[in-house]
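Okay, model-v3.cif is below, mmCIF, C-alpha atoms:
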data_structure
loop_
_atom_site.group_PDB
_atom_site.id
_atom_site.type_symbol
_atom_site.label_atom_id
_atom_site.label_comp_id
_atom_site.auth_asym_id
_atom_site.auth_seq_id
_atom_site.Cartn_x
_atom_site.Cartn_y
_atom_site.Cartn_z
ATOM 1 C CA MET A 64 -171.942 -242.890 72.929
ATOM 2 C CA ALA A 65 -173.024 -240.182 70.509
ATOM 3 C CA ALA A 66 -173.746 -241.166 66.913
ATOM 4 C CA PRO A 67 -171.358 -239.911 64.213
ATOM 5 C CA ALA A 68 -172.171 -236.529 62.782
ATOM 6 C CA ASP A 69 -174.520 -236.641 59.812
ATOM 7 C CA PRO A 70 -173.697 -235.060 56.411
ATOM 8 C CA SER A 71 -175.421 -231.819 57.324
ATOM 9 C CA LEU A 72 -172.757 -231.313 60.047
ATOM 10 C CA LEU A 73 -175.468 -230.962 62.695
ATOM 11 C CA SER A 74 -175.044 -233.803 65.167
ATOM 12 C CA ALA A 75 -177.619 -232.745 67.758
ATOM 13 C CA GLU A 76 -179.658 -229.829 68.942
ATOM 14 C CA LEU A 77 -178.441 -227.779 71.893
ATOM 15 C CA GLU A 78 -181.584 -226.970 73.889
ATOM 16 C CA ALA A 79 -181.385 -223.635 75.683
ATOM 17 C CA GLU A 80 -183.562 -220.739 76.707
ATOM 18 C CA GLU A 81 -183.532 -217.587 74.617
ATOM 19 C CA GLY A 82 -181.255 -215.822 77.100
ATOM 20 C CA ASP A 83 -178.774 -218.697 76.998
ATOM 21 C CA ASP A 84 -178.794 -218.553 73.180
ATOM 22 C CA GLU A 85 -177.805 -214.902 73.314
ATOM 23 C CA ALA A 86 -175.051 -215.655 75.855
ATOM 24 C CA LEU A 87 -173.786 -218.446 73.611
ATOM 25 C CA ARG A 88 -173.674 -216.112 70.604
ATOM 26 C CA ARG A 89 -171.697 -213.552 72.615
ATOM 27 C CA LEU A 90 -169.327 -216.282 73.773
ATOM 28 C CA LEU A 91 -168.852 -217.541 70.206
ATOM 29 C CA LEU A 92 -168.037 -214.003 69.027
ATOM 30 C CA GLN A 93 -165.496 -213.622 71.821
ATOM 31 C CA VAL A 94 -163.901 -216.987 71.049
ATOM 32 C CA THR A 95 -163.510 -216.329 67.315
ATOM 33 C CA GLN A 96 -162.004 -212.868 67.825
ATOM 34 C CA GLU A 97 -159.351 -213.753 70.386
ATOM 35 C CA ASP A 98 -155.997 -215.373 69.630
ATOM 36 C CA GLU A 99 -154.657 -218.150 71.807
ATOM 37 C CA ASP A 100 -151.008 -218.476 72.804
ATOM 38 C CA PRO A 101 -149.471 -221.964 72.652
ATOM 39 C CA PRO A 102 -149.131 -223.640 76.058
ATOM 40 C CA PRO A 103 -145.649 -223.712 77.632
ATOM 41 C CA ALA A 104 -143.761 -227.003 77.618
ATOM 42 C CA ALA A 105 -144.489 -229.108 80.689
ATOM 43 C CA PRO A 106 -141.544 -229.636 83.081
ATOM 44 C CA ALA A 107 -139.941 -233.071 83.288
ATOM 45 C CA ARG A 108 -139.945 -235.088 86.493
ATOM 46 C CA ALA A 109 -138.605 -238.457 87.613
ATOM 47 C CA VAL A 110 -141.343 -241.108 87.501
ATOM 48 C CA THR A 111 -141.074 -244.767 88.473
ATOM 49 C CA PRO A 112 -143.469 -246.651 86.165
ATOM 50 C CA GLN A 113 -145.411 -249.829 86.870
ATOM 51 C CA PRO A 114 -144.416 -253.077 85.110
ATOM 52 C CA GLY A 115 -146.733 -254.176 82.322
ATOM 53 C CA LEU A 116 -145.473 -256.808 79.913
ATOM 54 C CA CYS A 117 -142.156 -258.002 78.505
ATOM 55 C CA VAL A 118 -141.510 -258.633 74.813
ATOM 56 C CA LYS A 119 -138.648 -260.747 73.488
ATOM 57 C CA THR A 120 -137.112 -259.929 70.110
ATOM 58 C CA ARG A 121 -133.642 -259.752 68.512
ATOM 59 C CA ALA A 122 -131.253 -257.211 67.032
ATOM 60 C CA GLY A 123 -128.495 -258.518 64.771
ATOM 61 C CA GLY A 124 -128.914 -261.997 66.240
ATOM 62 C CA ALA A 125 -128.580 -260.786 69.844
ATOM 63 C CA LYS A 126 -131.407 -261.242 72.305
ATOM 64 C CA VAL A 127 -133.307 -258.060 73.234
ATOM 65 C CA PHE A 128 -136.163 -257.484 75.658
ATOM 66 C CA VAL A 129 -138.619 -254.580 75.535
ATOM 67 C CA ASN A 130 -140.297 -253.813 78.865
ATOM 68 C CA VAL A 131 -143.651 -252.104 78.291
ATOM 69 C CA CYS A 132 -144.427 -250.136 81.469
ATOM 70 C CA HIS A 133 -147.141 -247.632 82.304
ATOM 71 C CA SER A 134 -147.720 -244.493 84.352
ATOM 72 C CA GLY A 135 -150.546 -242.013 84.785
ATOM 73 C CA GLU A 136 -148.008 -239.213 84.203
ATOM 74 C CA VAL A 137 -147.777 -240.025 80.490
ATOM 75 C CA PRO A 138 -150.611 -238.455 78.463
ATOM 76 C CA PRO A 139 -152.833 -240.837 76.480
ATOM 77 C CA PRO A 140 -152.841 -240.902 72.664
ATOM 78 C CA PRO A 141 -155.798 -239.482 70.741
ATOM 79 C CA PRO A 142 -158.728 -241.875 70.312
ATOM 80 C CA LEU A 143 -158.488 -244.344 67.444
ATOM 81 C CA SER A 144 -161.483 -246.256 66.104
ATOM 82 C CA PRO A 145 -161.126 -249.934 65.014
ATOM 83 C CA PRO A 146 -161.539 -248.985 61.307
ATOM 84 C CA GLY A 147 -158.874 -246.284 61.717
ATOM 85 C CA LEU A 148 -156.521 -248.803 63.323
ATOM 86 C CA ARG A 149 -157.020 -251.274 60.463
ATOM 87 C CA ARG A 150 -156.197 -248.536 57.959
ATOM 88 C CA LEU A 151 -152.988 -247.715 59.821
ATOM 89 C CA LEU A 152 -151.923 -251.360 59.786
ATOM 90 C CA HIS A 153 -152.237 -251.445 55.993
ATOM 91 C CA THR A 154 -150.459 -248.157 55.249
ATOM 92 C CA PRO A 155 -146.722 -247.550 54.766
ATOM 93 C CA PRO A 156 -144.716 -246.758 57.955
ATOM 94 C CA THR A 157 -144.390 -243.083 56.990
ATOM 95 C CA ALA A 158 -148.169 -242.739 56.830
ATOM 96 C CA ALA A 159 -148.708 -244.734 60.033
ATOM 97 C CA GLY A 160 -146.298 -242.397 61.795
ATOM 98 C CA ALA A 161 -148.835 -239.583 61.440
ATOM 99 C CA PHE A 162 -150.709 -241.133 64.380
ATOM 100 C CA ARG A 163 -148.589 -240.391 67.445
ATOM 101 C CA ILE A 164 -148.590 -242.368 70.688
ATOM 102 C CA PRO A 165 -146.981 -240.499 73.628
ATOM 103 C CA MET A 166 -144.317 -242.736 75.150
ATOM 104 C CA SER A 167 -140.996 -242.520 76.957
ATOM 105 C CA LEU A 168 -138.163 -244.587 75.421
ATOM 106 C CA GLY A 169 -135.621 -245.461 78.110
ATOM 107 C CA GLU A 170 -131.931 -246.066 77.494
ATOM 108 C CA PRO A 171 -130.652 -249.645 76.996
ATOM 109 C CA HIS A 172 -129.512 -251.515 80.099
ATOM 110 C CA ALA A 173 -127.540 -254.756 80.287
ATOM 111 C CA GLU A 174 -129.262 -257.728 81.931
ATOM 112 C CA LEU A 175 -128.907 -261.498 82.267
ATOM 113 C CA ASP A 176 -131.532 -263.789 80.761
ATOM 114 C CA ARG A 177 -132.921 -266.892 82.467
ATOM 115 C CA GLY A 178 -129.928 -268.923 81.333
ATOM 116 C CA GLY A 179 -127.414 -266.420 82.747
ATOM 117 C CA ARG A 180 -126.413 -265.068 79.338
ATOM 118 C CA GLY A 181 -126.023 -261.345 78.661
ATOM 119 C CA CYS A 182 -128.804 -259.467 76.902
ATOM 120 C CA THR A 183 -130.093 -255.920 76.424
ATOM 121 C CA ALA A 184 -133.372 -254.487 77.690
ATOM 122 C CA TYR A 185 -135.240 -251.270 76.907
ATOM 123 C CA ASP A 186 -138.026 -249.703 78.953
ATOM 124 C CA VAL A 187 -140.985 -248.082 77.162
ATOM 125 C CA VAL A 188 -143.508 -246.157 79.297
ATOM 126 C CA VAL A 189 -147.065 -245.363 78.138
ATOM 127 C CA ASN A 190 -150.233 -244.051 79.767
ATOM 128 C CA SER A 191 -151.839 -246.487 82.238
ATOM 129 C CA GLY A 192 -155.295 -246.291 80.653
ATOM 130 C CA PHE A 193 -153.797 -246.809 77.206
ATOM 131 C CA PHE A 194 -151.896 -249.862 78.501
ATOM 132 C CA ARG A 195 -155.210 -251.425 79.551
ATOM 133 C CA THR A 196 -156.427 -250.869 75.984
ATOM 134 C CA LEU A 197 -153.367 -252.723 74.678
ATOM 135 C CA GLN A 198 -154.057 -255.639 77.005
ATOM 136 C CA ALA A 199 -157.605 -255.949 75.684
ATOM 137 C CA ASP A 200 -156.863 -255.512 71.961
ATOM 138 C CA PRO A 201 -154.180 -257.763 70.368
ATOM 139 C CA LEU A 202 -154.399 -255.844 67.083
ATOM 140 C CA TYR A 203 -153.713 -252.534 68.828
ATOM 141 C CA LEU A 204 -150.839 -254.164 70.772
ATOM 142 C CA GLU A 205 -149.272 -255.332 67.502
ATOM 143 C CA PHE A 206 -149.488 -251.818 66.067
ATOM 144 C CA PHE A 207 -148.094 -250.241 69.240
ATOM 145 C CA LEU A 208 -145.119 -252.629 69.468
ATOM 146 C CA THR A 209 -144.257 -251.913 65.837
ATOM 147 C CA VAL A 210 -144.269 -248.164 66.535
ATOM 148 C CA ALA A 211 -142.315 -248.548 69.791
ATOM 149 C CA MET A 212 -139.607 -250.794 68.325
ATOM 150 C CA GLU A 213 -139.230 -248.516 65.302
ATOM 151 C CA GLY A 214 -138.778 -245.617 67.746
ATOM 152 C CA LEU A 215 -136.137 -247.505 69.748
ATOM 153 C CA SER A 216 -134.311 -248.501 66.563
ATOM 154 C CA GLU A 217 -134.202 -244.911 65.336
ATOM 155 C CA LYS A 218 -133.268 -243.383 68.706
ATOM 156 C CA TYR A 219 -130.488 -245.810 69.638
ATOM 157 C CA GLY A 220 -129.200 -246.898 66.207
ATOM 158 C CA VAL A 221 -130.179 -250.573 66.473
ATOM 159 C CA GLU A 222 -132.196 -252.759 64.116
ATOM 160 C CA LEU A 223 -134.813 -254.517 66.206
ATOM 161 C CA GLU A 224 -136.639 -257.320 64.430
ATOM 162 C CA LEU A 225 -140.247 -256.242 63.909
ATOM 163 C CA THR A 226 -141.413 -259.792 63.214
ATOM 164 C CA GLY A 227 -140.938 -262.926 65.261
ATOM 165 C CA TRP A 228 -141.262 -261.133 68.612
ATOM 166 C CA ARG A 229 -143.321 -262.692 71.381
ATOM 167 C CA VAL A 230 -144.827 -261.536 74.665
ATOM 168 C CA LEU A 231 -143.467 -263.492 77.641
ATOM 169 C CA GLN A 232 -146.292 -265.104 79.604
ATOM 170 C CA ASN A 233 -144.608 -265.421 83.011
ATOM 171 C CA ARG A 234 -142.562 -262.234 83.141
ATOM 172 C CA LYS A 235 -143.717 -258.611 83.257
ATOM 173 C CA PHE A 236 -140.264 -257.026 83.334
ATOM 174 C CA MET A 237 -136.666 -257.921 82.519
ATOM 175 C CA GLY A 238 -134.229 -256.489 85.078
ATOM 176 C CA SER A 239 -135.172 -253.873 87.663
ATOM 177 C CA ILE A 240 -137.465 -250.875 87.228
ATOM 178 C CA SER A 241 -135.745 -247.479 87.159
ATOM 179 C CA ALA A 242 -137.198 -243.988 87.237
ATOM 180 C CA GLN A 243 -137.475 -242.121 83.950
ATOM 181 C CA ASN A 244 -137.650 -238.397 83.297
ATOM 182 C CA ILE A 245 -141.138 -237.835 81.920
ATOM 183 C CA ARG A 246 -142.806 -234.545 81.152
ATOM 184 C CA ALA A 247 -145.583 -233.988 83.650
ATOM 185 C CA ARG A 248 -149.002 -234.746 82.249
ATOM 186 C CA PRO A 249 -150.384 -231.411 80.992
ATOM 187 C CA ARG A 250 -153.599 -229.950 82.234
ATOM 188 C CA PRO A 251 -156.451 -230.168 79.734
ATOM 189 C CA HIS A 252 -155.844 -227.545 77.064
ATOM 190 C CA ILE A 253 -159.120 -225.755 77.763
ATOM 191 C CA GLN A 254 -159.095 -222.058 78.514
ATOM 192 C CA GLU A 255 -161.559 -221.025 81.204
ATOM 193 C CA LEU A 256 -163.513 -217.806 80.810
ATOM 194 C CA GLU A 257 -164.659 -216.126 84.017
ATOM 195 C CA GLY A 258 -168.314 -215.306 84.620
ATOM 196 C CA PRO A 259 -169.958 -213.225 87.353
ATOM 197 C CA SER A 260 -168.405 -213.346 90.810
ATOM 198 C CA GLN A 261 -171.517 -214.680 92.559
ATOM 199 C CA GLU A 262 -171.624 -218.366 93.410
ATOM 200 C CA LEU A 263 -173.819 -220.558 91.215
ATOM 201 C CA PRO A 264 -176.183 -222.991 92.946
ATOM 202 C CA PRO A 265 -175.180 -226.664 92.744
ATOM 203 C CA PRO A 266 -176.898 -228.709 90.030
ATOM 204 C CA PRO A 267 -180.037 -230.406 91.339
ATOM 205 C CA SER A 268 -179.623 -233.778 89.606
ATOM 206 C CA PRO A 269 -176.813 -236.159 88.521
ATOM 207 C CA PRO A 270 -175.242 -235.402 85.149
ATOM 208 C CA GLY A 271 -176.655 -237.063 82.043
ATOM 209 C CA PRO A 272 -175.366 -237.211 78.452
ATOM 210 C CA PRO A 273 -174.386 -233.664 77.453
ATOM 211 C CA GLN A 274 -176.305 -231.801 74.768
ATOM 212 C CA PHE A 275 -174.174 -230.552 71.904
ATOM 213 C CA VAL A 276 -174.179 -229.104 68.426
ATOM 214 C CA VAL A 277 -171.538 -229.163 65.676
ATOM 215 C CA VAL A 278 -171.607 -226.416 63.046
ATOM 216 C CA ALA A 279 -169.483 -225.559 60.027
ATOM 217 C CA GLU A 280 -168.139 -222.085 59.319
ATOM 218 C CA PRO A 281 -168.509 -220.024 57.227
ATOM 219 C CA SER A 282 -171.119 -222.439 55.784
ATOM 220 C CA SER A 283 -171.835 -226.146 55.426
ATOM 221 C CA GLN A 284 -171.292 -225.833 51.643
ATOM 222 C CA HIS A 285 -167.798 -224.319 52.075
ATOM 223 C CA PRO A 286 -166.573 -225.434 55.505
ATOM 224 C CA GLN A 287 -163.252 -224.174 56.815
ATOM 225 C CA VAL A 288 -163.792 -224.659 60.542
ATOM 226 C CA LEU A 289 -165.873 -227.070 62.599
ATOM 227 C CA GLN A 290 -167.086 -225.824 65.940
ATOM 228 C CA ALA A 291 -168.527 -228.082 68.631
ATOM 229 C CA ARG A 292 -170.466 -226.481 71.486
ATOM 230 C CA VAL A 293 -171.235 -228.734 74.438
ATOM 231 C CA LEU A 294 -173.514 -227.827 77.329
ATOM 232 C CA LEU A 295 -171.976 -229.121 80.593
ATOM 233 C CA PRO A 296 -174.173 -227.883 83.454
ATOM 234 C CA HIS A 297 -172.409 -230.051 86.043
ATOM 235 C CA ALA A 298 -168.794 -229.222 85.124
ATOM 236 C CA ALA A 299 -166.912 -227.363 87.870
ATOM 237 C CA GLY A 300 -164.409 -225.822 85.458
ATOM 238 C CA ALA A 301 -161.833 -226.501 82.764
ATOM 239 C CA GLY A 302 -159.674 -228.448 85.206
ATOM 240 C CA SER A 303 -162.409 -231.066 85.616
ATOM 241 C CA LEU A 304 -162.426 -231.928 81.896
ATOM 242 C CA TRP A 305 -160.202 -233.884 79.528
ATOM 243 C CA LEU A 306 -160.379 -233.457 75.763
ATOM 244 C CA GLY A 307 -158.997 -235.858 73.141
ATOM 245 C CA LEU A 308 -159.033 -235.067 69.444
ATOM 246 C CA SER A 309 -158.001 -236.944 66.311
ATOM 247 C CA GLU A 310 -158.788 -236.535 62.623
ATOM 248 C CA GLU A 311 -161.839 -238.760 63.028
ATOM 249 C CA ARG A 312 -163.198 -238.294 66.532
ATOM 250 C CA LEU A 313 -163.629 -235.956 69.482
ATOM 251 C CA VAL A 314 -163.716 -237.467 72.964
ATOM 252 C CA LEU A 315 -164.620 -235.513 76.102
ATOM 253 C CA GLY A 316 -164.196 -236.954 79.566
ATOM 254 C CA GLY A 317 -163.565 -236.088 83.172
ATOM 255 C CA ALA A 318 -159.992 -235.375 84.256
ATOM 256 C CA GLU A 319 -160.266 -238.103 86.923
ATOM 257 C CA GLY A 320 -161.008 -240.839 84.388
ATOM 258 C CA GLY A 321 -164.102 -242.981 83.948
ATOM 259 C CA PRO A 322 -166.216 -243.476 80.820
ATOM 260 C CA PRO A 323 -166.269 -240.597 78.313
ATOM 261 C CA LEU A 324 -168.936 -237.933 78.722
ATOM 262 C CA LEU A 325 -169.141 -237.573 74.940
ATOM 263 C CA GLU A 326 -167.619 -239.429 71.978
ATOM 264 C CA LEU A 327 -168.334 -237.774 68.657
ATOM 265 C CA GLY A 328 -167.444 -238.805 65.115
ATOM 266 C CA LEU A 329 -166.325 -235.866 62.964
ATOM 267 C CA PRO A 330 -167.610 -235.508 59.375
ATOM 268 C CA LEU A 331 -164.414 -233.785 58.160
ATOM 269 C CA PRO A 332 -160.793 -234.145 59.369
ATOM 270 C CA PRO A 333 -159.572 -231.226 61.508
ATOM 271 C CA ASP A 334 -155.966 -230.143 62.001
ATOM 272 C CA PRO A 335 -155.384 -231.101 65.682
ATOM 273 C CA ALA A 336 -152.345 -228.824 65.980
ATOM 274 C CA ARG A 337 -154.513 -225.731 65.362
ATOM 275 C CA CYS A 338 -157.531 -226.724 67.432
ATOM 276 C CA HIS A 339 -158.355 -225.165 70.787
ATOM 277 C CA ALA A 340 -161.125 -225.235 73.377
ATOM 278 C CA ARG A 341 -162.586 -222.842 75.918
ATOM 279 C CA PHE A 342 -165.024 -223.358 78.774
ATOM 280 C CA HIS A 343 -167.271 -220.538 80.006
ATOM 281 C CA ARG A 344 -168.046 -220.911 83.708
ATOM 282 C CA ARG A 345 -171.277 -218.910 83.674
ATOM 283 C CA THR A 346 -173.000 -220.485 80.660
ATOM 284 C CA LYS A 347 -171.352 -223.903 81.270
ATOM 285 C CA VAL A 348 -170.649 -224.155 77.538
ATOM 286 C CA LEU A 349 -167.477 -225.782 76.196
ATOM 287 C CA THR A 350 -166.568 -224.502 72.720
ATOM 288 C CA VAL A 351 -164.111 -226.553 70.668
ATOM 289 C CA THR A 352 -162.847 -224.763 67.564
ATOM 290 C CA MET A 353 -161.390 -227.112 64.929
ATOM 291 C CA PRO A 354 -159.826 -225.603 61.774
ATOM 292 C CA LEU A 355 -160.014 -228.150 58.971
ATOM 293 C CA GLN A 356 -157.068 -229.596 57.112
ATOM 294 C CA ALA A 357 -156.168 -227.714 53.932
#
Target format structure tokens, applied to this file:
Amino acid sequence: MAAPADPSLLSAELEAEEGDDEALRRLLLQVTQEDEDPPPAAPARAVTPQPGLCVKTRAGGAKVFVNVCHSGEVPPPPPLSPPGLRRLLHTPPTAAGAFRIPMSLGEPHAELDRGGRGCTAYDVVVNSGFFRTLQADPLYLEFFLTVAMEGLSEKYGVELELTGWRVLQNRKFMGSISAQNIRARPRPHIQELEGPSQELPPPPSPPGPPQFVVVAEPSSQHPQVLQARVLLPHAAGAGSLWLGLSEERLVLGGAEGGPPLLELGLPLPPDPARCHARFHRRTKVLTVTMPLQA
């Protein structure tokens, strides 16, 4: 894991030959001069999620169950450090809502509880990797369930009790699992820039930790934009990468999962909605441009 960026905004040195430096400067000039169109909305498709855990709560005295399911088709939330999570738990709900967890909130369905009495159940679907994080971190699970139940209450006009809920130990799902319409997981939002047509030779050795540099523009004294440049000699293309970004951290990984290739603390909070990334196939350099919050 990379260490957080130091106050000078230079987190590491990107080692390259003189020719590569010149190619990187040309790439940077091209990146900063071109505009990027927003990606089109991903189409929705029917997905049958996997059961995860079942939470029992109440609404107006009536028994309610929340089925937390998971699917790889749901995108994961941005990374959140333990200190960031603790801050969210001690902020008002409006402030906590600034951190968004992608989830699908299914419609209520009538079920029978163990005693044969009528009850209501809701299905909430999250990313499968994120669900494993919830299983391993009770504090994160508490935060997530608060966000999910607030979302269900707002969407369906009910008042779910946010305290007094409990996770059922011997039941993963109340009722039967139904398919939900979920927007297909988007491809990593990394634009790929073409290089020469000739084939590049395969890398001679297994990939190691990537070399990177983070710079401030126009200057470190008056920063308006952070720009991270990561050398990825073993990356096949933009489709082989996944990029997560929050106000505190940048995480780069492979699209097929596994441990992150790079996890980087950011010295200043960017505006994730205006950030974009591009990967150049010839120089194998990923450039992440992060305008800072006003």
Counting all atoms listed in the file, find the residues whose atoms lie at most 12 Å from (-156.9, -250.6, 78.8) (file coordinates) and write them out as JSON, numbers by chain. {"A": [115, 133, 139, 189, 190, 191, 192, 193, 194, 195, 196, 197, 198, 199, 200, 201, 203, 204, 320, 321, 322]}
Output file for the residues above (C-alpha atoms, as an mmCIF file, in the frame of the given file):
data_model
loop_
_atom_site.group_PDB
_atom_site.id
_atom_site.type_symbol
_atom_site.label_atom_id
_atom_site.label_comp_id
_atom_site.auth_asym_id
_atom_site.auth_seq_id
_atom_site.Cartn_x
_atom_site.Cartn_y
_atom_site.Cartn_z
ATOM 1 C CA GLY A 115 -146.733 -254.176 82.322
ATOM 2 C CA HIS A 133 -147.141 -247.632 82.304
ATOM 3 C CA PRO A 139 -152.833 -240.837 76.480
ATOM 4 C CA VAL A 189 -147.065 -245.363 78.138
ATOM 5 C CA ASN A 190 -150.233 -244.051 79.767
ATOM 6 C CA SER A 191 -151.839 -246.487 82.238
ATOM 7 C CA GLY A 192 -155.295 -246.291 80.653
ATOM 8 C CA PHE A 193 -153.797 -246.809 77.206
ATOM 9 C CA PHE A 194 -151.896 -249.862 78.501
ATOM 10 C CA ARG A 195 -155.210 -251.425 79.551
ATOM 11 C CA THR A 196 -156.427 -250.869 75.984
ATOM 12 C CA LEU A 197 -153.367 -252.723 74.678
ATOM 13 C CA GLN A 198 -154.057 -255.639 77.005
ATOM 14 C CA ALA A 199 -157.605 -255.949 75.684
ATOM 15 C CA ASP A 200 -156.863 -255.512 71.961
ATOM 16 C CA PRO A 201 -154.180 -257.763 70.368
ATOM 17 C CA TYR A 203 -153.713 -252.534 68.828
ATOM 18 C CA LEU A 204 -150.839 -254.164 70.772
ATOM 19 C CA GLY A 320 -161.008 -240.839 84.388
ATOM 20 C CA GLY A 321 -164.102 -242.981 83.948
ATOM 21 C CA PRO A 322 -166.216 -243.476 80.820
#
Using all atoms listed in the file for the distances, tell me which of A:Val277, A:Val210, A:Leu349, A:Cys117 is nearest to Gln290 (chain A). A:Val277
On this structure, which residues satisfy the PyMOL selection byres ((chain A and resi 166) around 9), written as number ranges by chain? A: 137-139, 164-165, 167-168, 187-190, 211, 245
Mind giving me the straight-line distance from CA of Leu215 (chain A) to CA of Pro335 (chain A) in Å, one decimal?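 Computing it gives 25.6 Å between the two atoms.
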Leaving out Val348 (chain A) and any residue of its chain fewer than 5 positions from it, which residues lie within 6 Å of it when counting all atoms listed in the file, given as a PyMOL selection string? chain A and resi 293-295+342-343
I need the residue nearest Met237 (chain A) from this list: A:Gly147, A:Pro114, A:Pro354, A:Pro273. Use all atoms listed in the file for the distance.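 Among A:Gly147, A:Pro114, A:Pro354, A:Pro273, it is A:Pro114 that comes nearest to Met237 (chain A).
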Could you pull the residues within 8 Å of region 324-326 of chain A, counting all atoms listed in the file, minus those fewer than 3 positions along the same chain, as a PyMOL selection string? chain A and resi 64-65+272-273+312-317
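For the file at hand, the PyMOL selection byres ((chain A and resi 173) around 8) resolves to Pro171, His172, Glu174, Leu175, Gly181, Cys182, Thr183 and Ala184 of chain A.
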Residue among A:Gly123, A:Leu331, A:Thr346, A:Thr226 lying closest to His285 (chain A), counting only C-alpha atoms: A:Leu331
Selection dump of the PyMOL selection byres ((chain A and resi 340) around 6), as a list in words: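 With the PyMOL selection byres ((chain A and resi 340) around 6) on this model, the match is Ile253, His339, Arg341, Thr350 and Val351 of chain A.
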Length of the CA of Gln113 (chain A) to CA of Asn244 (chain A) vector [Å]: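 CA of Asn244 (chain A) lies 14.3 Å from CA of Gln113 (chain A).
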Measuring atom to atom with all atoms listed in the file, identify which of A:Ser303, A:Gly227, A:Glu217, A:Met353 is nearest to Val278 (chain A). A:Met353
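The space separating CA of Pro323 (chain A) from CA of Pro286 (chain A) comes to 27.4 Å.
Proximity ranking of A:Ser309, A:Ser241, A:Ser144, A:Ser216 relative to Val110 (chain A) places A:Ser241 first, based on all atoms listed in the file.
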Would you mind telling me which residue in A:Val276, A:Ala336, A:Asp186, A:Leu355 lies nearest to Phe236 (chain A) when using only C-alpha atoms? A:Asp186
Enclose region 110-123 of chain A, meaning all of its atoms listed in the file, in a box aligned along x, y and z, pad it by 4 Å on each side, and list the centre and edge lengths in Å to one decimal, as AutoDock Vina command-line options.
--center_x -137.6 --center_y -250.9 --center_z 76.6 --size_x 26.2 --size_y 27.6 --size_z 31.7
Atoms added to region 147-151 of chain A (all heavy atoms), reported as a PDB file, keeping the file's coordinate frame:
ATOM      1  N   GLY A 147    -160.081-247.103  61.876  1.00  0.00           N
ATOM      2  CA  GLY A 147    -158.874-246.284  61.717  1.00  0.00           C
ATOM      3  C   GLY A 147    -157.623-247.079  61.997  1.00  0.00           C
ATOM      4  O   GLY A 147    -156.596-246.917  61.326  1.00  0.00           O
ATOM      5  N   LEU A 148    -157.672-247.959  63.011  1.00  0.00           N
ATOM      6  CA  LEU A 148    -156.521-248.803  63.323  1.00  0.00           C
ATOM      7  C   LEU A 148    -156.218-249.753  62.176  1.00  0.00           C
ATOM      8  O   LEU A 148    -155.052-249.936  61.799  1.00  0.00           O
ATOM      9  CB  LEU A 148    -156.795-249.584  64.611  1.00  0.00           C
ATOM     10  CG  LEU A 148    -155.741-250.608  65.021  1.00  0.00           C
ATOM     11  CD1 LEU A 148    -154.392-249.938  65.228  1.00  0.00           C
ATOM     12  CD2 LEU A 148    -156.179-251.338  66.287  1.00  0.00           C
ATOM     13  N   ARG A 149    -157.260-250.353  61.583  1.00  0.00           N
ATOM     14  CA  ARG A 149    -157.020-251.274  60.463  1.00  0.00           C
ATOM     15  C   ARG A 149    -156.399-250.549  59.268  1.00  0.00           C
ATOM     16  O   ARG A 149    -155.540-251.108  58.574  1.00  0.00           O
ATOM     17  CB  ARG A 149    -158.335-251.954  60.069  1.00  0.00           C
ATOM     18  CG  ARG A 149    -158.799-252.998  61.075  1.00  0.00           C
ATOM     19  CD  ARG A 149    -159.914-253.842  60.503  1.00  0.00           C
ATOM     20  NE  ARG A 149    -161.135-253.079  60.341  1.00  0.00           N
ATOM     21  CZ  ARG A 149    -162.072-252.971  61.274  1.00  0.00           C
ATOM     22  NH1 ARG A 149    -161.914-253.559  62.435  1.00  0.00           N
ATOM     23  NH2 ARG A 149    -163.161-252.262  61.041  1.00  0.00           N
ATOM     24  N   ARG A 150    -156.809-249.300  59.052  1.00  0.00           N
ATOM     25  CA  ARG A 150    -156.197-248.536  57.959  1.00  0.00           C
ATOM     26  C   ARG A 150    -154.725-248.285  58.240  1.00  0.00           C
ATOM     27  O   ARG A 150    -153.880-248.370  57.333  1.00  0.00           O
ATOM     28  CB  ARG A 150    -156.938-247.216  57.771  1.00  0.00           C
ATOM     29  CG  ARG A 150    -158.269-247.351  57.053  1.00  0.00           C
ATOM     30  CD  ARG A 150    -158.760-246.012  56.534  1.00  0.00           C
ATOM     31  NE  ARG A 150    -159.003-245.085  57.632  1.00  0.00           N
ATOM     32  CZ  ARG A 150    -160.165-244.979  58.259  1.00  0.00           C
ATOM     33  NH1 ARG A 150    -161.177-245.763  57.924  1.00  0.00           N
ATOM     34  NH2 ARG A 150    -160.328-244.096  59.225  1.00  0.00           N
ATOM     35  N   LEU A 151    -154.390-247.962  59.487  1.00  0.00           N
ATOM     36  CA  LEU A 151    -152.988-247.715  59.821  1.00  0.00           C
ATOM     37  C   LEU A 151    -152.128-248.960  59.618  1.00  0.00           C
ATOM     38  O   LEU A 151    -150.977-248.866  59.188  1.00  0.00           O
ATOM     39  CB  LEU A 151    -152.869-247.242  61.278  1.00  0.00           C
ATOM     40  CG  LEU A 151    -153.305-245.807  61.570  1.00  0.00           C
ATOM     41  CD1 LEU A 151    -153.208-245.525  63.068  1.00  0.00           C
ATOM     42  CD2 LEU A 151    -152.457-244.807  60.800  1.00  0.00           C
TER      43      LEU A 151
END
